Each structure stands twice: as structure tokens, then as C-alpha cells.
Amino acid sequence: MAFGGTLWMLILYMIIFIHSLLFARAVYYHFTRTHIPPGITHGRKLYFFSFALGYFLELGVFLEKLGICHRYVICRAVYDAIPTKKNLNLIRKDLVFDGVPVRVYWPKTPAAGNRRGIIYLHGGAALLGSIRACENVCCSIVHESDSVVVNVGFRLAPEHPYPVPVLDCLTATIHFLKNAKEYGVDPNCIAIAGESSGGTFATAICQELVTREGLPRLRAQVLINPFLQPVDFNLPSYQQNQSVPPLFRKRVIKFGLRYLTGKDMNVDPFIKAAHVPPDLREKYQKWINADNIPEEFKARGYVPVEPAPFSEELYEQVKRGYETMFSPLLAENDIIRQLPETFILTCEYDGFRDDGLLYKKRLEDNGVPVTHHHLTDAGHSTICYLGWGPLEFPSAKKCLQHVVQFLKGLYR
């Protein structure tokens, strides 16, 4: 009995010791590599979220090395444990669209006819996130815009690397377009929306569907802080926000490589663009170029960087990343000009900011109507904190208001 008690005490001390080490590592990383710009509203909240995310990622890495689980399981569990607001004015049903789990939300109030429909794709670099994690956002959109919202529960990497997550989203979208009236939705008034990597998926799906015949056309795309290209990680927004949480520049690349390849890789060559062949660099220069970014977005600093020598080996490992399902900004003009009306939201302290600005220019250059809102006091994924009570950022409601205003303006 005494031996059993001693053993449990040793296990307890070991657990405490391990957590102390992880905590100390998270503190060190937080204070040596994190920068919270003074322009971000409620910067202390961002400090807290940055520290928490860093800690749970470190815990995940430790458990992965022990062979217990992969590194993202802990963060997924934490996000799913965050309480969601109960909205009694909505009807929600968990359904399956051609093998893809979804949650559909309807307003309880009766409608005179079919409503507009919104397909919502959550962020999380295709590694994190779930239907539950973006419940507050979807319910708010339903309530504020009087729309039917489909929240898609696509499979995640690294268990299901690229292109599985985006193809799941495409499958669910096609099902909804074909069967919209069954859900009380006008098939000619359906928008696809996404945040962060969900914005990547929404963009890619919109492009894919312009080539598909026999389907209703999407009425609009709503892109919130979208990632759109892996060619240049030295655009002004990446340089300015490389140490701004939650998406440090190195973390962006690390997450993207895990989604694309299913494995960890050294990110430094990607920062230096060693993965980009000279012919592709020349081709994409007209679309992905700091000269296409308005000067006011370079005010916080920008230094052009010469690319490192090209690595054929590196390119071979990531060449699928140049497919437009992964990198929608690389689509040809004959696809871009067929896209529907577009809403783009960018945030000043977000590494993805310039992807949104570059896509806005491409759309406008090809005659596509664009509504653009830029939040000057916010960082990445601000809408994700919607409904988190005292932990919510003021910019979360601003983002929601801009999205809802755009959706209400769509013809029904």
C-alpha cells in the first residue's frame, strides 16, 4: 500500500515538473518572441490568448513525442470546451451532406419566401477548429442577417492532409446548392463565407464552381482574413507582423506545411522563398508584388528581400501548394473575372492582410465588384472571439457588423 502511494506521488510530481517546464518555456517564448503593437485594442487580452495557445501547443508537442497523440489534439479539445451561447430564437439540426457533417441553423421566425443561404467555413489552418468552435459566429450571422447558415464540419489535417479538408467543403457546398429549396433557401442567393483558412477554402471553392455546369451560381463570397498564397512571406504585412500573435510568420508556415505535407519542415527556407522556381516567381510577380500594395500599408516598415537560391528538392516536396485549391491568388484571369460579388475584410496587425489587398486588386482589375473593410485596431481572427464575454475583442462585433451589412445588401 505504501509503495502504491509513493508511486502515485512520484507520478504526480513528474506531471507537475513537466507542466512547470512547459509553462516556463511558454513564458520564455512569450516574452522573447511576441510583440503586441500598441495599436491593437485590448492588447492584454491578446497577450493572454497568445500565452495560452503557446502553452497548449507545447503540451501537444510533448505528448506527440511520447507517441500519445498528435500535437493539435490538445488545442482542439480546448477550443471545443469553450462555452457557446444558447440562442432560443434559432432552430439547429446536425445533418450530413454527401458524407460531410454539417450543422444547419434557421431563424425561428417564419419567412414570406425562401431566405438567403450562407455556407460558413471555419478557420484553424485546416488543423484546428470544428462546428462547435464557430457556433457563436454562425448563430450571430443567422440572428443578425435573417439567413439560413450551414456550418461545415470538414475533416482536418494532419490525419487528413491537403486536399481532403477543402474537398469536403466543396462537397457540402455542391449539395447545398443542389438542394437549397429543401432548406428554405433561394438557390440564387447563396453566399460562401470563411475566416482565415476557411477564407482560403471559400475562395478556392468559388473559383472551382465557375467551371462547373448545371449548378446555381454562388451569389457572393465573404472572405475574412484569408490566406491566399505561399509564394512570398516577405510582403509588408508579414514583415510588420512577424512577431504578432496568434499567427507569427513562422507559425503560419509551419501550420501550412503540416496541412500540405502532413509533416514538420524547417520554415527558414520558405521565408527566403527558396521553394519558388524562377519561372513561377517571374509569372506570379505581376500578381504578388509589394508594388501592388497601397503605400499607406507600408508605413510601419518594409524592406524588399532578395530570394534565396532555388531548391529543387524543396519545391518537389511542396509543389502541390501552387495548386489554386491551396493558393487561390494564383488563379488565372479568365477564372477571376467570372467570380461573384466579393466581401473582403483585412486587419492591420495580421500577416494575411496583404493577401487580401492583393486579391482585392486582382478582382477589381477583372471587373468584379468588391466591398472591402479594413480594421485598423485588430489582429488575425478577431471574429473568432465573438461571444466570449469579457474576453471578446471590440473588433469582433465590428467584423460581424460589416459582414451582416454586406449580406443584407444581397438581392433576395
# chains A, B, ... in the order shown; residues from 1 in each chain; ligands from 1
$ residues_around --residues "stretch 198-209 of chain A" --least-positions-apart "2" --cutoff "9 Å" --atoms "only C-alpha atoms" --output "NGL selection string"
:A and (119-126 or 165-167 or 169-170 or 173-174 or 192-196 or 211-213 or 215 or 217-218 or 220-228 or 324-329 or 331 or 335-336 or 338-340)
$ write_last_selection --atoms "N, CA and C atoms" --output "tab-separated table (two decimals), in the first residue's frame"
chain	number	residue	atom	x	y	z
A	119	ILE	N	-23.00	29.55	-46.54
A	119	ILE	CA	-22.14	28.41	-46.20
A	119	ILE	C	-20.94	28.97	-45.45
A	120	TYR	N	-20.74	28.53	-44.21
A	120	TYR	CA	-19.66	29.09	-43.40
A	120	TYR	C	-18.58	28.05	-43.14
A	121	LEU	N	-17.32	28.42	-43.43
A	121	LEU	CA	-16.17	27.55	-43.28
A	121	LEU	C	-15.23	28.12	-42.21
A	122	HIS	N	-15.01	27.37	-41.15
A	122	HIS	CA	-14.21	27.89	-40.04
A	122	HIS	C	-12.73	27.91	-40.37
A	123	GLY	N	-11.98	28.70	-39.59
A	123	GLY	CA	-10.54	28.77	-39.74
A	123	GLY	C	-9.83	27.73	-38.89
A	124	GLY	N	-8.51	27.89	-38.76
A	124	GLY	CA	-7.72	26.96	-37.96
A	124	GLY	C	-6.65	26.25	-38.74
A	125	ALA	N	-6.30	26.78	-39.93
A	125	ALA	CA	-5.22	26.23	-40.76
A	125	ALA	C	-5.48	24.79	-41.18
A	126	ALA	N	-6.76	24.40	-41.20
A	126	ALA	CA	-7.17	23.02	-41.52
A	126	ALA	C	-6.59	22.01	-40.53
A	165	PRO	N	-9.55	18.44	-46.63
A	165	PRO	CA	-10.45	19.42	-46.00
A	165	PRO	C	-11.20	20.31	-46.99
A	166	VAL	N	-10.49	20.85	-47.98
A	166	VAL	CA	-11.16	21.74	-48.93
A	166	VAL	C	-12.12	20.97	-49.83
A	167	LEU	N	-11.81	19.73	-50.14
A	167	LEU	CA	-12.73	18.92	-50.95
A	167	LEU	C	-13.99	18.57	-50.18
A	169	CYS	N	-15.35	20.56	-48.05
A	169	CYS	CA	-16.12	21.81	-48.12
A	169	CYS	C	-16.79	21.96	-49.49
A	170	LEU	N	-16.09	21.57	-50.53
A	170	LEU	CA	-16.66	21.63	-51.88
A	170	LEU	C	-17.85	20.68	-51.99
A	173	THR	N	-20.81	22.17	-50.19
A	173	THR	CA	-21.32	23.33	-50.91
A	173	THR	C	-22.17	22.91	-52.11
A	174	ILE	N	-21.70	21.95	-52.88
A	174	ILE	CA	-22.44	21.47	-54.05
A	174	ILE	C	-23.78	20.87	-53.62
A	192	ILE	N	-20.90	32.06	-49.96
A	192	ILE	CA	-19.96	31.22	-49.22
A	192	ILE	C	-19.03	32.14	-48.44
A	193	ALA	N	-18.84	31.82	-47.17
A	193	ALA	CA	-18.06	32.68	-46.28
A	193	ALA	C	-17.03	31.84	-45.54
A	194	GLY	N	-15.90	32.45	-45.23
A	194	GLY	CA	-14.89	31.75	-44.47
A	194	GLY	C	-13.93	32.71	-43.81
A	195	GLU	N	-13.35	32.25	-42.72
A	195	GLU	CA	-12.40	33.06	-41.95
A	195	GLU	C	-11.06	32.37	-41.93
A	196	SER	N	-9.98	33.11	-42.19
A	196	SER	CA	-8.62	32.57	-42.20
A	196	SER	C	-8.51	31.46	-43.24
A	211	THR	N	-16.36	26.83	-63.12
A	211	THR	CA	-16.15	25.92	-64.24
A	211	THR	C	-17.16	24.77	-64.25
A	212	ARG	N	-18.00	24.70	-63.21
A	212	ARG	CA	-18.98	23.61	-63.11
A	212	ARG	C	-20.31	24.04	-63.74
A	213	GLU	N	-20.85	23.17	-64.57
A	213	GLU	CA	-22.14	23.46	-65.20
A	213	GLU	C	-23.25	22.72	-64.45
A	215	LEU	N	-25.19	23.89	-62.03
A	215	LEU	CA	-25.37	24.29	-60.64
A	215	LEU	C	-25.77	25.75	-60.57
A	217	ARG	N	-25.34	29.50	-59.50
A	217	ARG	CA	-24.12	30.28	-59.25
A	217	ARG	C	-24.15	30.83	-57.83
A	218	LEU	N	-23.00	30.80	-57.18
A	218	LEU	CA	-22.90	31.47	-55.88
A	218	LEU	C	-23.14	32.96	-56.07
A	220	ALA	N	-22.29	35.36	-53.84
A	220	ALA	CA	-21.21	36.20	-53.30
A	220	ALA	C	-20.23	35.32	-52.54
A	221	GLN	N	-19.04	35.88	-52.32
A	221	GLN	CA	-18.06	35.25	-51.43
A	221	GLN	C	-17.67	36.26	-50.36
A	222	VAL	N	-17.57	35.77	-49.12
A	222	VAL	CA	-17.25	36.61	-47.97
A	222	VAL	C	-15.94	36.08	-47.38
A	223	LEU	N	-14.88	36.86	-47.50
A	223	LEU	CA	-13.54	36.41	-47.13
A	223	LEU	C	-13.02	37.25	-45.96
A	224	ILE	N	-12.86	36.60	-44.83
A	224	ILE	CA	-12.43	37.27	-43.60
A	224	ILE	C	-11.00	36.84	-43.28
A	225	ASN	N	-10.05	37.77	-43.39
A	225	ASN	CA	-8.63	37.48	-43.12
A	225	ASN	C	-8.14	36.24	-43.87
A	226	PRO	N	-8.35	36.14	-45.17
A	226	PRO	CA	-7.98	34.90	-45.85
A	226	PRO	C	-6.49	34.77	-46.14
A	227	PHE	N	-5.97	33.54	-46.04
A	227	PHE	CA	-4.65	33.19	-46.56
A	227	PHE	C	-4.85	32.80	-48.02
A	228	LEU	N	-4.03	33.37	-48.93
A	228	LEU	CA	-4.30	33.16	-50.36
A	228	LEU	C	-3.08	32.77	-51.18
A	324	THR	N	-4.40	25.94	-57.21
A	324	THR	CA	-5.27	27.04	-56.76
A	324	THR	C	-6.20	26.62	-55.63
A	325	MET	N	-6.38	25.32	-55.41
A	325	MET	CA	-7.15	24.88	-54.25
A	325	MET	C	-6.41	25.21	-52.95
A	326	PHE	N	-5.08	25.33	-53.03
A	326	PHE	CA	-4.28	25.72	-51.87
A	326	PHE	C	-3.95	27.21	-51.92
A	327	SER	N	-3.74	27.74	-53.12
A	327	SER	CA	-3.28	29.12	-53.32
A	327	SER	C	-4.18	29.84	-54.32
A	328	PRO	N	-5.36	30.29	-53.89
A	328	PRO	CA	-6.32	30.86	-54.83
A	328	PRO	C	-5.85	32.13	-55.53
A	329	LEU	N	-4.90	32.84	-54.94
A	329	LEU	CA	-4.41	34.07	-55.57
A	329	LEU	C	-3.68	33.79	-56.87
A	331	ALA	N	-4.79	31.91	-59.32
A	331	ALA	CA	-5.73	31.57	-60.40
A	331	ALA	C	-5.55	32.51	-61.58
A	335	ILE	N	-10.51	32.90	-64.87
A	335	ILE	CA	-11.31	32.42	-63.74
A	335	ILE	C	-11.72	33.59	-62.86
A	336	ILE	N	-10.78	34.46	-62.56
A	336	ILE	CA	-11.05	35.59	-61.65
A	336	ILE	C	-12.20	36.45	-62.17
A	338	GLN	N	-14.79	35.76	-63.68
A	338	GLN	CA	-16.12	35.14	-63.60
A	338	GLN	C	-16.65	35.06	-62.17
A	339	LEU	N	-15.87	35.54	-61.20
A	339	LEU	CA	-16.25	35.38	-59.80
A	339	LEU	C	-17.38	36.34	-59.41
A	340	PRO	N	-18.14	35.96	-58.38
A	340	PRO	CA	-19.26	36.81	-57.96
A	340	PRO	C	-18.80	37.98	-57.10
$ residues_around --residues "stretch 64-80 of chain A" --least-positions-apart "6" --cutoff "7 Å" --atoms "only C-alpha atoms" --output "PyMOL selection string"
chain A and resi 56-57+127-129+132-133
$ write_last_selection --atoms "C-alpha atoms" --output "PDB file, in the first residue's frame"
ATOM      1  CA  PHE A  56      -1.175  24.141 -25.271  1.00  0.00           C
ATOM      2  CA  LEU A  57       0.868  23.777 -28.456  1.00  0.00           C
ATOM      3  CA  LEU A 127      -5.568  21.678 -38.322  1.00  0.00           C
ATOM      4  CA  LEU A 128      -7.832  23.181 -35.662  1.00  0.00           C
ATOM      5  CA  GLY A 129     -11.448  24.231 -35.393  1.00  0.00           C
ATOM      6  CA  ARG A 132     -18.756  23.756 -32.178  1.00  0.00           C
ATOM      7  CA  ALA A 133     -15.792  26.141 -32.133  1.00  0.00           C
TER       8      ALA A 133
END
$ atom_distance --atom1 "atom CA of A:Ala378" --atom2 "atom CA of A:Pro246"
11.6 Å
$ closest_residue --among "A:Ser130, A:Ala290, A:Phe49, A:Gln401" --to "A:His380" --atoms "only C-alpha atoms"
A:Phe49
$ residues_around --residues "A:Ile383" --least-positions-apart "2" --cutoff "10 Å" --atoms "only C-alpha atoms" --output "list of chain:residue names"
A:Cys134, A:Asn136, A:Val137, A:Glu195, A:Ile224, A:Asn225, A:Ala378, A:Gly379, A:His380, A:Ser381, A:Tyr385, A:Leu386, A:Gly387, A:Glu392, A:Phe393, A:Pro394, A:Ser395, A:Ala396, A:Lys397, A:Lys398, A:Cys399, A:Leu400
$ residues_around --residues "A:Arg115" --least-positions-apart "5" --cutoff "8 Å" --atoms "only C-alpha atoms" --output "list in words"
Asp146, Ser147, Val148, Gly184, Val185, Asp186, Cys189 and Arg412 of chain A
$ write_last_selection --atoms "N, CA and C atoms" --output "PDB file, in the first residue's frame"
ATOM      1  N   ASP A 146     -30.918  37.266 -40.707  1.00  0.00           N
ATOM      2  CA  ASP A 146     -32.129  36.515 -41.060  1.00  0.00           C
ATOM      3  C   ASP A 146     -31.848  35.556 -42.218  1.00  0.00           C
ATOM      4  N   SER A 147     -30.731  34.841 -42.118  1.00  0.00           N
ATOM      5  CA  SER A 147     -30.317  33.897 -43.161  1.00  0.00           C
ATOM      6  C   SER A 147     -30.275  32.484 -42.608  1.00  0.00           C
ATOM      7  N   VAL A 148     -30.272  31.513 -43.505  1.00  0.00           N
ATOM      8  CA  VAL A 148     -30.000  30.127 -43.147  1.00  0.00           C
ATOM      9  C   VAL A 148     -28.498  29.909 -43.296  1.00  0.00           C
ATOM     10  N   GLY A 184     -35.284  25.744 -47.280  1.00  0.00           N
ATOM     11  CA  GLY A 184     -35.922  27.057 -47.236  1.00  0.00           C
ATOM     12  C   GLY A 184     -35.045  28.169 -47.751  1.00  0.00           C
ATOM     13  N   VAL A 185     -34.178  27.862 -48.716  1.00  0.00           N
ATOM     14  CA  VAL A 185     -33.200  28.832 -49.216  1.00  0.00           C
ATOM     15  C   VAL A 185     -33.397  29.051 -50.711  1.00  0.00           C
ATOM     16  N   ASP A 186     -33.289  30.309 -51.136  1.00  0.00           N
ATOM     17  CA  ASP A 186     -33.305  30.670 -52.546  1.00  0.00           C
ATOM     18  C   ASP A 186     -31.973  30.220 -53.165  1.00  0.00           C
ATOM     19  N   CYS A 189     -29.495  32.852 -54.230  1.00  0.00           N
ATOM     20  CA  CYS A 189     -28.989  33.820 -53.247  1.00  0.00           C
ATOM     21  C   CYS A 189     -28.235  33.089 -52.132  1.00  0.00           C
ATOM     22  N   ARG A 412     -32.459  39.352 -52.804  1.00  0.00           N
ATOM     23  CA  ARG A 412     -33.186  38.124 -52.450  1.00  0.00           C
ATOM     24  C   ARG A 412     -34.319  37.901 -53.435  1.00  0.00           C
TER      25      ARG A 412
END
$ closest_residue --among "A:Val210, A:Ile288, A:Val104, A:Val231" --to "A:Ala180" --atoms "only C-alpha atoms"
A:Val104
